[in-house]
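Source file: final-v8.txt. Holds: compact mmCIF, C-alpha atoms and all ligand atoms.
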# COMPACT_ATOMS: atom_id res chain seq x y z
CA MET A 122 59.04 161.20 234.47
CA TYR A 123 62.54 161.73 233.01
CA SER A 124 63.47 165.40 233.10
CA PHE A 125 64.95 165.74 229.59
CA PRO A 126 66.95 167.63 228.48
CA VAL A 127 69.93 167.13 230.78
CA GLN A 128 70.54 169.99 233.21
CA ASN A 129 74.14 171.18 232.95
CA ILE A 130 75.25 172.53 236.34
CA SER A 131 78.73 173.81 237.05
CA THR A 132 78.66 175.21 240.58
CA LYS A 133 78.36 173.42 243.91
CA GLN A 134 75.62 175.81 245.07
CA ALA A 135 73.46 175.24 241.98
CA LEU A 136 73.95 171.48 242.31
CA ARG A 137 72.73 171.53 245.93
CA ARG A 138 69.69 173.57 244.90
CA ALA A 139 68.86 171.29 241.97
CA LEU A 140 69.04 168.18 244.14
CA ALA A 141 67.11 169.60 247.10
CA ASP A 142 63.71 168.38 245.90
CA LYS A 143 64.97 165.05 244.50
CA ARG A 144 65.80 163.35 247.76
CA SER A 145 62.58 161.35 248.11
CA GLY A 146 63.74 158.82 245.48
CA ARG A 147 66.99 157.15 244.52
CA ILE A 148 69.84 159.36 243.37
CA VAL A 149 72.24 157.35 241.25
CA PHE A 150 75.64 158.88 240.57
CA VAL A 151 78.22 158.15 237.84
CA PRO A 152 81.52 160.03 238.25
CA THR A 153 83.59 160.48 235.07
CA MET A 154 86.47 162.50 233.71
CA GLY A 155 84.69 163.28 230.42
CA ALA A 156 85.56 162.33 226.81
CA LEU A 157 82.67 159.94 227.21
CA HIS A 158 82.39 156.70 225.22
CA GLU A 159 80.28 153.53 225.15
CA GLY A 160 81.84 152.34 228.44
CA HIS A 161 80.49 155.42 230.18
CA ALA A 162 77.18 155.11 228.30
CA SER A 163 76.74 151.63 229.71
CA LEU A 164 77.24 152.96 233.27
CA LEU A 165 74.81 155.81 232.61
CA ARG A 166 72.13 153.47 231.24
CA GLN A 167 72.52 151.21 234.25
CA ALA A 168 72.16 154.28 236.45
CA ARG A 169 68.94 155.26 234.67
CA GLU A 170 67.54 151.78 235.15
CA LEU A 171 68.50 151.68 238.82
CA ALA A 172 67.03 155.13 239.47
CA GLY A 173 63.76 154.30 237.73
CA ALA A 174 61.42 156.91 236.37
CA GLU A 175 61.01 158.61 239.75
CA GLY A 176 64.70 158.68 240.66
CA CYS A 177 67.45 161.02 239.58
CA VAL A 178 70.64 160.25 237.64
CA VAL A 179 73.65 162.51 238.15
CA ALA A 180 76.85 162.27 236.11
CA SER A 181 79.91 164.32 236.97
CA ILE A 182 82.34 165.34 234.24
CA PHE A 183 85.47 166.57 235.94
CA LEU A 184 89.06 166.06 234.90
CA ASN A 185 90.51 165.84 238.38
CA PRO A 186 94.06 167.29 238.32
CA VAL A 187 94.83 165.93 241.78
CA GLN A 188 94.86 162.28 240.63
CA PHE A 189 97.36 162.81 237.81
CA ASP A 190 100.95 161.87 238.57
CA ASN A 191 102.08 162.86 235.09
CA ALA A 192 101.61 166.44 233.80
CA GLY A 193 101.80 165.36 230.14
CA ASP A 194 99.04 162.82 230.66
CA LEU A 195 96.79 165.50 232.17
CA ALA A 196 97.56 168.05 229.44
CA SER A 197 96.83 165.57 226.64
CA TYR A 198 93.69 164.04 228.19
CA PRO A 199 90.92 164.28 225.57
CA SER A 200 88.00 166.63 226.12
CA THR A 201 84.68 166.56 224.21
CA PRO A 202 82.27 168.65 226.33
CA GLU A 203 79.46 169.05 223.79
CA ALA A 204 79.38 165.40 222.77
CA ASP A 205 79.51 164.45 226.47
CA LEU A 206 76.33 166.38 227.21
CA LYS A 207 74.60 164.84 224.20
CA LEU A 208 75.54 161.35 225.34
CA CYS A 209 74.30 162.12 228.85
CA GLU A 210 71.01 163.21 227.38
CA THR A 211 70.70 160.09 225.22
CA CYS A 212 71.33 157.91 228.25
CA GLY A 213 68.67 159.62 230.37
CA VAL A 214 70.92 161.58 232.73
CA ASP A 215 69.03 164.26 234.66
CA ILE A 216 71.96 166.35 235.89
CA ALA A 217 75.48 166.70 234.48
CA PHE A 218 77.77 168.28 237.05
CA THR A 219 80.64 170.04 235.23
CA PRO A 220 82.65 172.10 237.73
CA ASP A 221 86.01 173.68 236.91
CA PRO A 222 89.10 172.83 239.00
CA ALA A 223 89.21 176.24 240.70
CA SER A 224 85.66 175.88 242.01
CA MET A 225 86.13 172.24 243.05
CA TYR A 226 89.30 172.97 245.00
CA GLU A 227 88.87 176.34 246.69
CA GLY A 228 91.86 177.60 248.69
CA ASP A 229 94.74 175.48 249.89
CA ARG A 230 94.18 171.79 250.25
CA SER A 231 95.54 170.32 253.46
CA ILE A 232 93.45 167.18 253.87
CA SER A 233 94.44 164.00 252.11
CA LEU A 234 92.70 160.66 252.08
CA GLU A 235 95.08 157.80 251.72
CA GLU A 236 94.03 154.18 251.46
CA THR A 237 97.07 152.26 252.63
CA ASN A 238 96.43 148.60 251.82
CA LEU A 239 94.84 147.96 248.42
CA SER A 240 96.62 151.01 246.98
CA THR A 241 100.12 149.67 247.36
CA ALA A 242 100.01 147.29 244.37
CA LEU A 243 99.24 147.59 240.63
CA CYS A 244 98.45 151.18 239.53
CA GLY A 245 99.12 152.43 243.08
CA ALA A 246 102.72 151.26 242.82
CA THR A 247 103.41 152.98 239.51
CA ARG A 248 101.22 156.10 239.85
CA PRO A 249 102.25 157.67 243.18
CA GLY A 250 99.47 159.73 244.76
CA HIS A 251 96.92 158.63 242.16
CA PHE A 252 94.50 156.84 244.46
CA ALA A 253 94.75 159.49 247.18
CA GLY A 254 93.62 161.95 244.49
CA VAL A 255 90.79 159.64 243.41
CA CYS A 256 89.60 159.10 247.00
CA LEU A 257 89.69 162.82 247.68
CA VAL A 258 87.67 163.83 244.64
CA VAL A 259 85.17 160.96 244.94
CA ASN A 260 84.65 161.83 248.59
CA LYS A 261 84.04 165.48 247.70
CA LEU A 262 81.66 164.47 244.90
CA PHE A 263 79.82 162.07 247.22
CA ASN A 264 79.40 164.92 249.74
CA LEU A 265 78.10 167.26 247.07
CA VAL A 266 75.71 164.84 245.35
CA GLN A 267 74.84 162.69 248.39
CA PRO A 268 73.64 159.86 246.16
CA THR A 269 71.98 156.66 247.34
CA ASP A 270 74.02 154.66 244.80
CA ALA A 271 77.11 155.11 242.66
CA ILE A 272 78.36 153.08 239.68
CA PHE A 273 82.00 152.45 238.73
CA GLY A 274 83.49 150.35 235.93
CA LYS A 275 85.49 147.17 236.50
CA LYS A 276 88.06 148.32 233.95
CA ASP A 277 89.39 150.35 236.89
CA TYR A 278 89.16 147.27 239.11
CA GLN A 279 91.59 148.53 241.75
CA GLN A 280 89.82 151.88 241.91
CA LEU A 281 86.49 150.14 242.58
CA ALA A 282 88.06 147.96 245.30
CA ILE A 283 89.62 151.00 247.00
CA LEU A 284 86.38 152.99 246.84
CA ARG A 285 84.47 150.06 248.34
CA ARG A 286 86.98 150.12 251.19
CA MET A 287 86.59 153.90 251.57
CA VAL A 288 82.81 153.61 251.78
CA ARG A 289 83.10 150.80 254.33
CA ASP A 290 85.81 152.33 256.51
CA LEU A 291 84.28 155.82 256.57
CA ASP A 292 80.66 154.61 256.94
CA ILE A 293 79.56 156.46 253.82
CA PRO A 294 75.87 155.56 253.29
CA ILE A 295 76.12 154.90 249.56
CA THR A 296 75.76 151.57 247.75
CA LEU A 297 78.50 151.02 245.17
CA HIS A 298 77.85 148.97 242.02
CA GLY A 299 80.53 147.52 239.73
CA ALA A 300 79.81 147.52 235.97
CA GLU A 301 81.28 145.07 233.46
CA ILE A 302 83.98 146.22 231.03
CA VAL A 303 82.67 147.43 227.66
CA ARG A 304 84.93 146.61 224.71
CA GLU A 305 85.41 147.50 221.07
CA ALA A 306 84.43 144.76 218.58
CA ASP A 307 88.10 143.67 218.46
CA GLY A 308 88.28 143.27 222.25
CA LEU A 309 90.10 146.47 223.21
CA ALA A 310 88.60 147.91 226.41
CA ARG A 311 86.93 151.21 225.69
CA SER A 312 88.95 154.06 227.16
CA SER A 313 89.04 157.80 226.70
CA ARG A 314 92.77 157.48 226.05
CA ASN A 315 92.27 155.14 223.05
CA VAL A 316 91.89 158.11 220.69
CA ARG A 317 95.49 159.08 221.47
CA LEU A 318 96.90 155.80 220.10
CA THR A 319 98.82 155.91 216.81
CA PRO A 320 97.12 153.89 214.02
CA GLU A 321 99.80 151.18 214.47
CA HIS A 322 99.27 150.97 218.21
CA ARG A 323 95.48 151.06 217.84
CA ALA A 324 95.76 148.08 215.47
CA ALA A 325 98.04 146.23 217.92
CA ALA A 326 96.17 147.07 221.14
CA PRO A 327 93.60 144.19 220.96
CA ALA A 328 96.62 141.99 221.80
CA ILE A 329 96.01 142.99 225.44
CA ARG A 330 92.64 141.24 225.53
CA GLN A 331 93.82 138.30 223.39
CA ASN A 332 96.75 137.66 225.71
CA LEU A 333 94.59 138.05 228.84
CA LEU A 334 92.25 135.38 227.46
CA ALA A 335 95.21 133.10 226.62
CA ALA A 336 96.62 133.67 230.11
CA LYS A 337 93.26 132.80 231.70
CA GLN A 338 93.17 129.55 229.78
CA ALA A 339 96.78 128.75 230.74
CA TYR A 340 96.30 129.58 234.43
CA GLU A 341 93.02 127.73 234.77
CA THR A 342 94.58 124.61 233.25
CA GLY A 343 97.53 124.61 235.62
CA THR A 344 100.25 127.02 234.41
CA ASN A 345 101.85 128.69 237.42
CA ALA A 346 101.35 132.38 238.19
CA ASP A 347 104.96 133.41 237.45
CA ASP A 348 104.87 131.83 233.99
CA VAL A 349 101.51 133.47 233.25
CA ARG A 350 102.91 136.91 234.18
CA ARG A 351 106.13 136.35 232.24
CA ASP A 352 104.37 135.13 229.06
CA LEU A 353 101.90 138.02 229.12
CA THR A 354 104.69 140.57 229.51
CA ALA A 355 106.78 139.00 226.76
CA ALA A 356 103.85 138.82 224.33
CA LEU A 357 103.00 142.51 224.79
CA GLU A 358 106.59 143.74 224.78
CA ALA A 359 107.13 141.94 221.44
CA ILE A 360 105.00 144.74 219.92
CA PRO A 361 107.26 147.64 218.83
CA GLY A 362 106.96 150.65 221.16
CA VAL A 363 105.16 148.76 223.92
CA ARG A 364 106.41 148.65 227.52
CA VAL A 365 104.57 146.76 230.22
CA ASP A 366 104.15 148.84 233.37
CA TYR A 367 102.95 145.82 235.32
CA ALA A 368 101.38 142.42 234.65
CA GLU A 369 100.28 140.98 237.99
CA LEU A 370 98.28 138.00 239.09
CA VAL A 371 96.79 138.82 242.50
CA ASP A 372 94.06 137.75 244.87
CA ALA A 373 90.89 139.33 243.45
CA GLU A 374 89.80 140.54 246.89
CA THR A 375 92.97 141.64 248.66
CA LEU A 376 94.90 142.61 245.50
CA HIS A 377 97.94 141.06 247.21
CA GLU A 378 99.55 137.69 246.71
CA LEU A 379 97.12 134.82 246.14
CA ARG A 380 96.14 133.28 249.48
CA THR A 381 95.57 129.80 248.06
CA PRO A 382 95.88 128.52 244.49
CA ALA A 383 92.09 128.18 244.41
CA SER A 384 91.32 131.77 245.46
CA PRO A 385 89.51 133.91 242.88
CA ALA A 386 92.31 135.74 241.12
CA LEU A 387 92.73 138.85 239.05
CA LEU A 388 95.19 139.21 236.22
CA ALA A 389 95.72 142.92 235.73
CA VAL A 390 97.89 144.68 233.21
CA ALA A 391 98.98 148.22 232.45
CA ALA A 392 101.05 148.84 229.36
CA TRP A 393 102.43 151.88 227.58
CA PHE A 394 101.65 151.89 223.88
CA GLY A 395 103.99 154.74 222.99
CA ASP A 396 103.00 157.50 225.41
CA VAL A 397 99.49 156.13 226.02
CA ARG A 398 98.98 153.97 229.10
CA LEU A 399 96.25 151.35 228.76
CA ILE A 400 94.87 149.09 231.49
CA ASP A 401 92.79 145.93 231.40
CA ASN A 402 92.12 142.90 233.59
CA ILE A 403 90.46 139.51 233.71
CA GLU A 404 89.09 137.43 236.57
CA LEU A 405 90.46 133.88 236.89
CA GLN A 406 89.36 130.90 238.93
CA ARG A 407 91.06 127.54 239.34
CA ALA A 408 88.78 124.59 239.90
N1 LIG B 501 85.34 150.28 228.92
C1 LIG B 501 84.74 150.53 230.06
N2 LIG B 501 83.84 149.66 230.56
C2 LIG B 501 83.21 149.89 231.74
N3 LIG B 501 83.43 150.99 232.51
C3 LIG B 501 84.31 151.88 232.05
C4 LIG B 501 85.02 151.71 230.82
N4 LIG B 501 85.84 152.77 230.63
C5 LIG B 501 85.66 153.57 231.71
N5 LIG B 501 84.75 153.04 232.56
C6 LIG B 501 84.34 153.58 233.85
O1 LIG B 501 83.86 154.89 233.69
C7 LIG B 501 84.15 155.65 234.86
C8 LIG B 501 84.86 156.90 234.46
O2 LIG B 501 86.09 156.55 233.87
P1 LIG B 501 87.02 157.57 233.11
O3 LIG B 501 86.28 158.84 232.88
O4 LIG B 501 88.36 157.60 233.72
O5 LIG B 501 87.12 156.90 231.66
P2 LIG B 501 88.20 156.01 231.07
O6 LIG B 501 87.82 155.69 229.69
O7 LIG B 501 88.47 154.92 232.07
O8 LIG B 501 89.45 156.89 230.98
P3 LIG B 501 90.89 156.37 230.92
O9 LIG B 501 90.90 154.92 230.56
O10 LIG B 501 91.49 157.21 229.87
O11 LIG B 501 91.36 156.61 232.33
C9 LIG B 501 85.03 154.75 235.75
O12 LIG B 501 84.18 154.15 236.73
C10 LIG B 501 85.54 153.73 234.77
O13 LIG B 501 85.86 152.49 235.38
C1 LIG B 502 86.31 158.07 239.59
C2 LIG B 502 86.93 159.22 238.80
C3 LIG B 502 85.86 159.95 238.01
C4 LIG B 502 87.50 160.23 239.82
O1 LIG B 502 88.07 161.32 239.16
C5 LIG B 502 88.06 158.74 237.88
O2 LIG B 502 89.10 158.18 238.60
C6 LIG B 502 87.57 157.84 236.79
O3 LIG B 502 87.07 158.39 235.83
O4 LIG B 502 87.70 156.60 236.90
N1 LIG B 503 89.96 155.91 234.90
C1 LIG B 503 91.04 156.15 235.85
C2 LIG B 503 91.40 157.55 235.97
C3 LIG B 503 92.78 157.86 235.58
O1 LIG B 503 93.38 157.15 234.76
O2 LIG B 503 93.31 158.85 236.10
What do you get writing this file as structure tokens?
Amino acid sequence: MYSFPVQNISTKQALRRALADKRSGRIVFVPTMGALHEGHASLLRQARELAGAEGCVVASIFLNPVQFDNAGDLASYPSTPEADLKLCETCGVDIAFTPDPASMYEGDRSISLEETNLSTALCGATRPGHFAGVCLVVNKLFNLVQPTDAIFGKKDYQQLAILRRMVRDLDIPITLHGAEIVREADGLARSSRNVRLTPEHRAAAPAIRQNLLAAKQAYETGTNADDVRRDLTAALEAIPGVRVDYAELVDAETLHELRTPASPALLAVAAWFGDVRLIDNIELQRA
């Protein structure tokens, strides 16, 4: 039986107590930073399905300060706590874990968790310390929730790859699942930061998806990687107020240079639309 309504728990102790009698079935966990949207809803519904009627779905809503490399970005991150709980309830979440930063990080922090291979490229190169902050908080959350499974979105493709590596290298007994990117009708990837776009930039932002699709077509029919990167950057930077942070075509597994032209590839992009940084990606495969 689903235990509606959602239980909102904000302390580690209460979370441990609430989960104590739920360990006979699957516990499926979806970590988020709040300001939930349809992308998150899709992860939560998948979690409900995976957990089944007897299992337990836990979502965390925690804006983790440690993963922000930019104070302005943290300060302006949207927050919609009441709507978040409603969405959790609609999606069949059993427990929403909503700690505050002071209770998550008690005392001085002197442990860091740095992934040193996959983190060097893409967002890791332009957001120093970001993935160490993600690994730290996800590790803490995994220890608190002790789920059987956890679900992450492929919009944050590099994050998912790094967390898979963390789980493997540290022998964490949790199965990770990657969820497909959920988009607006015009192709823009759903993101909590989308609400911060100006009307002009919101109207222009579907160009990211359109140009990723054009780049896929070009690459898969023989255009070389450098030209694909260059054309994507030029197309986006033709939009007033847009600056491409990176546009990289990498090996989809190693996130480094393509091993062979036929390797599954990932074209990933991060671009500033004014002061809002958007990311997206597409998987490519040459015959
Ligand atoms: N459009 C989406 N499709 C699928 N998964 C998504 C989407 N947006 C976010 N997620 C996933 O939801 C989880 C929580 O993400 P988060 O709370 O950072 O939301 P977000 O919208 O990605 O925020 P932002 O883009 O502003 O960083 C992550 O696993 C993320 O990959
Ligand atoms: C995984 C995560 C919740 C850790 O804060 C965050 O990086 C996110 O929302 O993708
Ligand atoms: N969804 C990734 C978290 C971040 O941008 O900090």
Among listed residues A:Ala325, A:Tyr278, A:Asp229, A:Leu353, nearest Leu387 (chain A) (using only C-alpha atoms):
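That would be A:Tyr278, the residue with the smallest distance to Leu387 (chain A).
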Point out the residue among A:Leu318, A:Ala162, A:Leu184, A:Ala223 with the least atom-to-atom distance to ligand LIG 503 (chain B), counting all atoms listed in the file.
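Closest residue, counting all atoms listed in the file: A:Leu184.
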Of the listed residues A:Phe394, A:Phe189, A:Tyr226, A:Phe150, that which approaches Gly250 (chain A) most closely, counting all atoms listed in the file:
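Closest to Gly250 (chain A) of all the choices is A:Phe189.
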Do you have, as CSV, the list of residues of chain A lying at most 10 Å from ligand LIG 502 (chain B), each with its nearest atom pair and that distance in Å to one decimal, counting only C-alpha atoms and all ligand atoms and ordered by chain then number?
residue,atom,partner,partner_atom,distance
A:Val151,CA,B:LIG502,C3,7.9
A:Pro152,CA,B:LIG502,C3,4.3
A:Thr153,CA,B:LIG502,C3,3.8
A:Met154,CA,B:LIG502,O3,4.7
A:Gly155,CA,B:LIG502,O3,7.7
A:Ala156,CA,B:LIG502,O3,10.0
A:Leu157,CA,B:LIG502,O3,9.8
A:His161,CA,B:LIG502,O3,9.2
A:Ala180,CA,B:LIG502,C3,9.5
A:Ser181,CA,B:LIG502,C3,7.5
A:Ile182,CA,B:LIG502,C3,7.5
A:Phe183,CA,B:LIG502,O1,6.7
A:Leu184,CA,B:LIG502,O1,6.4
A:Asn185,CA,B:LIG502,O1,5.2
A:Pro186,CA,B:LIG502,O1,8.5
A:Val187,CA,B:LIG502,O1,8.6
A:Gln188,CA,B:LIG502,O1,7.0
A:Phe189,CA,B:LIG502,O2,9.5
A:His251,CA,B:LIG502,O2,8.6
A:Phe252,CA,B:LIG502,O2,8.1
A:Gly254,CA,B:LIG502,O1,7.7
A:Val255,CA,B:LIG502,C4,4.9
A:Cys256,CA,B:LIG502,C4,7.6
A:Leu257,CA,B:LIG502,C4,8.6
A:Val258,CA,B:LIG502,C4,6.0
A:Val259,CA,B:LIG502,C4,5.7
A:Asn260,CA,B:LIG502,C4,9.4
A:Leu262,CA,B:LIG502,C4,8.8
A:Ile272,CA,B:LIG502,C1,9.4
A:Phe273,CA,B:LIG502,C1,7.1
A:Gly274,CA,B:LIG502,O4,7.6
A:Lys275,CA,B:LIG502,O4,9.7
A:Lys276,CA,B:LIG502,O4,8.8
A:Asp277,CA,B:LIG502,O4,6.5
A:Tyr278,CA,B:LIG502,O4,9.7
A:Gln280,CA,B:LIG502,O2,7.2
A:Leu281,CA,B:LIG502,C1,8.5
A:Leu284,CA,B:LIG502,C1,8.9
A:Ser312,CA,B:LIG502,O3,9.9
A:Ser313,CA,B:LIG502,O3,9.4
So for ligand LIG 503 (chain B), what box centre and size do we get, axis-aligned, 6 Å extra on each of the six sides, every listed atom, Å to one decimal, as JSON?
{"center_x": 91.7, "center_y": 157.4, "center_z": 235.4, "size_x": 15.4, "size_y": 14.9, "size_z": 13.3}
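Across A:Val266, A:Ala306, A:Ala339, A:Leu399, the tightest approach to ligand LIG 501 (chain B) is made by A:Leu399 when counting only C-alpha atoms and all ligand atoms.
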Could you tell me how far CA of Ile403 (chain A) sits from atom O6 of ligand LIG 501 (chain B), in Å to one decimal place?
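Separation of atom O6 of ligand LIG 501 (chain B) and CA of Ile403 (chain A): 16.9 Å.
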Missing atoms of region 161-193 of chain A rebuilt to N, CA and C atoms, written as an mmCIF file, keeping the file's coordinate frame:
data_model
loop_
_atom_site.group_PDB
_atom_site.id
_atom_site.type_symbol
_atom_site.label_atom_id
_atom_site.label_comp_id
_atom_site.auth_asym_id
_atom_site.auth_seq_id
_atom_site.Cartn_x
_atom_site.Cartn_y
_atom_site.Cartn_z
ATOM 1 N N HIS A 161 81.226 154.506 229.298
ATOM 2 C CA HIS A 161 80.490 155.420 230.180
ATOM 3 C C HIS A 161 78.983 155.292 229.926
ATOM 4 N N ALA A 162 78.611 155.183 228.639
ATOM 5 C CA ALA A 162 77.180 155.110 228.300
ATOM 6 C C ALA A 162 76.545 153.915 228.995
ATOM 7 N N SER A 163 77.284 152.823 229.063
ATOM 8 C CA SER A 163 76.740 151.630 229.710
ATOM 9 C C SER A 163 76.493 151.904 231.202
ATOM 10 N N LEU A 164 77.430 152.613 231.855
ATOM 11 C CA LEU A 164 77.240 152.960 233.270
ATOM 12 C C LEU A 164 76.018 153.897 233.431
ATOM 13 N N LEU A 165 75.900 154.832 232.505
ATOM 14 C CA LEU A 165 74.810 155.810 232.610
ATOM 15 C C LEU A 165 73.445 155.135 232.404
ATOM 16 N N ARG A 166 73.404 154.176 231.470
ATOM 17 C CA ARG A 166 72.130 153.470 231.240
ATOM 18 C C ARG A 166 71.769 152.621 232.455
ATOM 19 N N GLN A 167 72.787 151.998 233.039
ATOM 20 C CA GLN A 167 72.520 151.210 234.250
ATOM 21 C C GLN A 167 72.026 152.122 235.373
ATOM 22 N N ALA A 168 72.581 153.326 235.422
ATOM 23 C CA ALA A 168 72.160 154.280 236.450
ATOM 24 C C ALA A 168 70.691 154.657 236.252
ATOM 25 N N ARG A 169 70.332 154.886 234.980
ATOM 26 C CA ARG A 169 68.940 155.260 234.670
ATOM 27 C C ARG A 169 67.986 154.151 235.101
ATOM 28 N N GLU A 170 68.397 152.912 234.817
ATOM 29 C CA GLU A 170 67.540 151.780 235.150
ATOM 30 C C GLU A 170 67.388 151.640 236.667
ATOM 31 N N LEU A 171 68.509 151.804 237.361
ATOM 32 C CA LEU A 171 68.500 151.680 238.820
ATOM 33 C C LEU A 171 67.664 152.801 239.455
ATOM 34 N N ALA A 172 67.763 153.992 238.901
ATOM 35 C CA ALA A 172 67.030 155.130 239.470
ATOM 36 C C ALA A 172 65.536 155.028 239.202
ATOM 37 N N GLY A 173 65.170 154.381 238.098
ATOM 38 C CA GLY A 173 63.760 154.300 237.730
ATOM 39 C C GLY A 173 63.241 155.662 237.303
ATOM 40 N N ALA A 174 61.999 155.679 236.910
ATOM 41 C CA ALA A 174 61.420 156.910 236.370
ATOM 42 C C ALA A 174 61.325 158.007 237.432
ATOM 43 N N GLU A 175 61.181 157.609 238.677
ATOM 44 C CA GLU A 175 61.010 158.610 239.750
ATOM 45 C C GLU A 175 62.338 159.096 240.308
ATOM 46 N N GLY A 176 63.398 158.331 240.076
ATOM 47 C CA GLY A 176 64.700 158.680 240.660
ATOM 48 C C GLY A 176 65.453 159.680 239.808
ATOM 49 N N CYS A 177 66.654 159.996 240.255
ATOM 50 C CA CYS A 177 67.450 161.020 239.580
ATOM 51 C C CYS A 177 68.834 160.458 239.256
ATOM 52 N N VAL A 178 69.294 160.699 238.034
ATOM 53 C CA VAL A 178 70.640 160.250 237.640
ATOM 54 C C VAL A 178 71.551 161.475 237.508
ATOM 55 N N VAL A 179 72.665 161.429 238.220
ATOM 56 C CA VAL A 179 73.650 162.510 238.150
ATOM 57 C C VAL A 179 74.947 161.941 237.600
ATOM 58 N N ALA A 180 75.514 162.621 236.596
ATOM 59 C CA ALA A 180 76.850 162.270 236.110
ATOM 60 C C ALA A 180 77.755 163.455 236.397
ATOM 61 N N SER A 181 78.977 163.196 236.876
ATOM 62 C CA SER A 181 79.910 164.320 236.970
ATOM 63 C C SER A 181 80.942 164.166 235.857
ATOM 64 N N ILE A 182 81.319 165.298 235.295
ATOM 65 C CA ILE A 182 82.340 165.340 234.240
ATOM 66 C C ILE A 182 83.394 166.298 234.752
ATOM 67 N N PHE A 183 84.454 165.732 235.298
ATOM 68 C CA PHE A 183 85.470 166.570 235.940
ATOM 69 C C PHE A 183 86.828 165.912 235.804
ATOM 70 N N LEU A 184 87.700 166.580 235.079
ATOM 71 C CA LEU A 184 89.060 166.060 234.900
ATOM 72 C C LEU A 184 89.857 166.481 236.130
ATOM 73 N N ASN A 185 89.979 165.538 237.052
ATOM 74 C CA ASN A 185 90.510 165.840 238.380
ATOM 75 C C ASN A 185 92.041 165.947 238.363
ATOM 76 N N PRO A 186 92.592 167.172 238.445
ATOM 77 C CA PRO A 186 94.060 167.290 238.320
ATOM 78 C C PRO A 186 94.802 166.574 239.434
ATOM 79 N N VAL A 187 94.150 166.456 240.590
ATOM 80 C CA VAL A 187 94.830 165.930 241.780
ATOM 81 C C VAL A 187 95.202 164.443 241.656
ATOM 82 N N GLN A 188 94.551 163.714 240.738
ATOM 83 C CA GLN A 188 94.860 162.280 240.630
ATOM 84 C C GLN A 188 95.892 161.980 239.553
ATOM 85 N N PHE A 189 96.377 163.036 238.882
ATOM 86 C CA PHE A 189 97.360 162.810 237.810
ATOM 87 C C PHE A 189 98.769 162.903 238.374
ATOM 88 N N ASP A 190 99.569 161.876 238.108
ATOM 89 C CA ASP A 190 100.950 161.870 238.570
ATOM 90 C C ASP A 190 101.888 162.289 237.435
ATOM 91 N N ASN A 191 101.282 162.603 236.274
ATOM 92 C CA ASN A 191 102.080 162.860 235.090
ATOM 93 C C ASN A 191 101.448 164.055 234.355
ATOM 94 N N ALA A 192 102.183 165.193 234.336
ATOM 95 C CA ALA A 192 101.610 166.440 233.800
ATOM 96 C C ALA A 192 101.252 166.297 232.318
ATOM 97 N N GLY A 193 102.057 165.546 231.574
ATOM 98 C CA GLY A 193 101.800 165.360 230.140
ATOM 99 C C GLY A 193 100.504 164.609 229.912
#
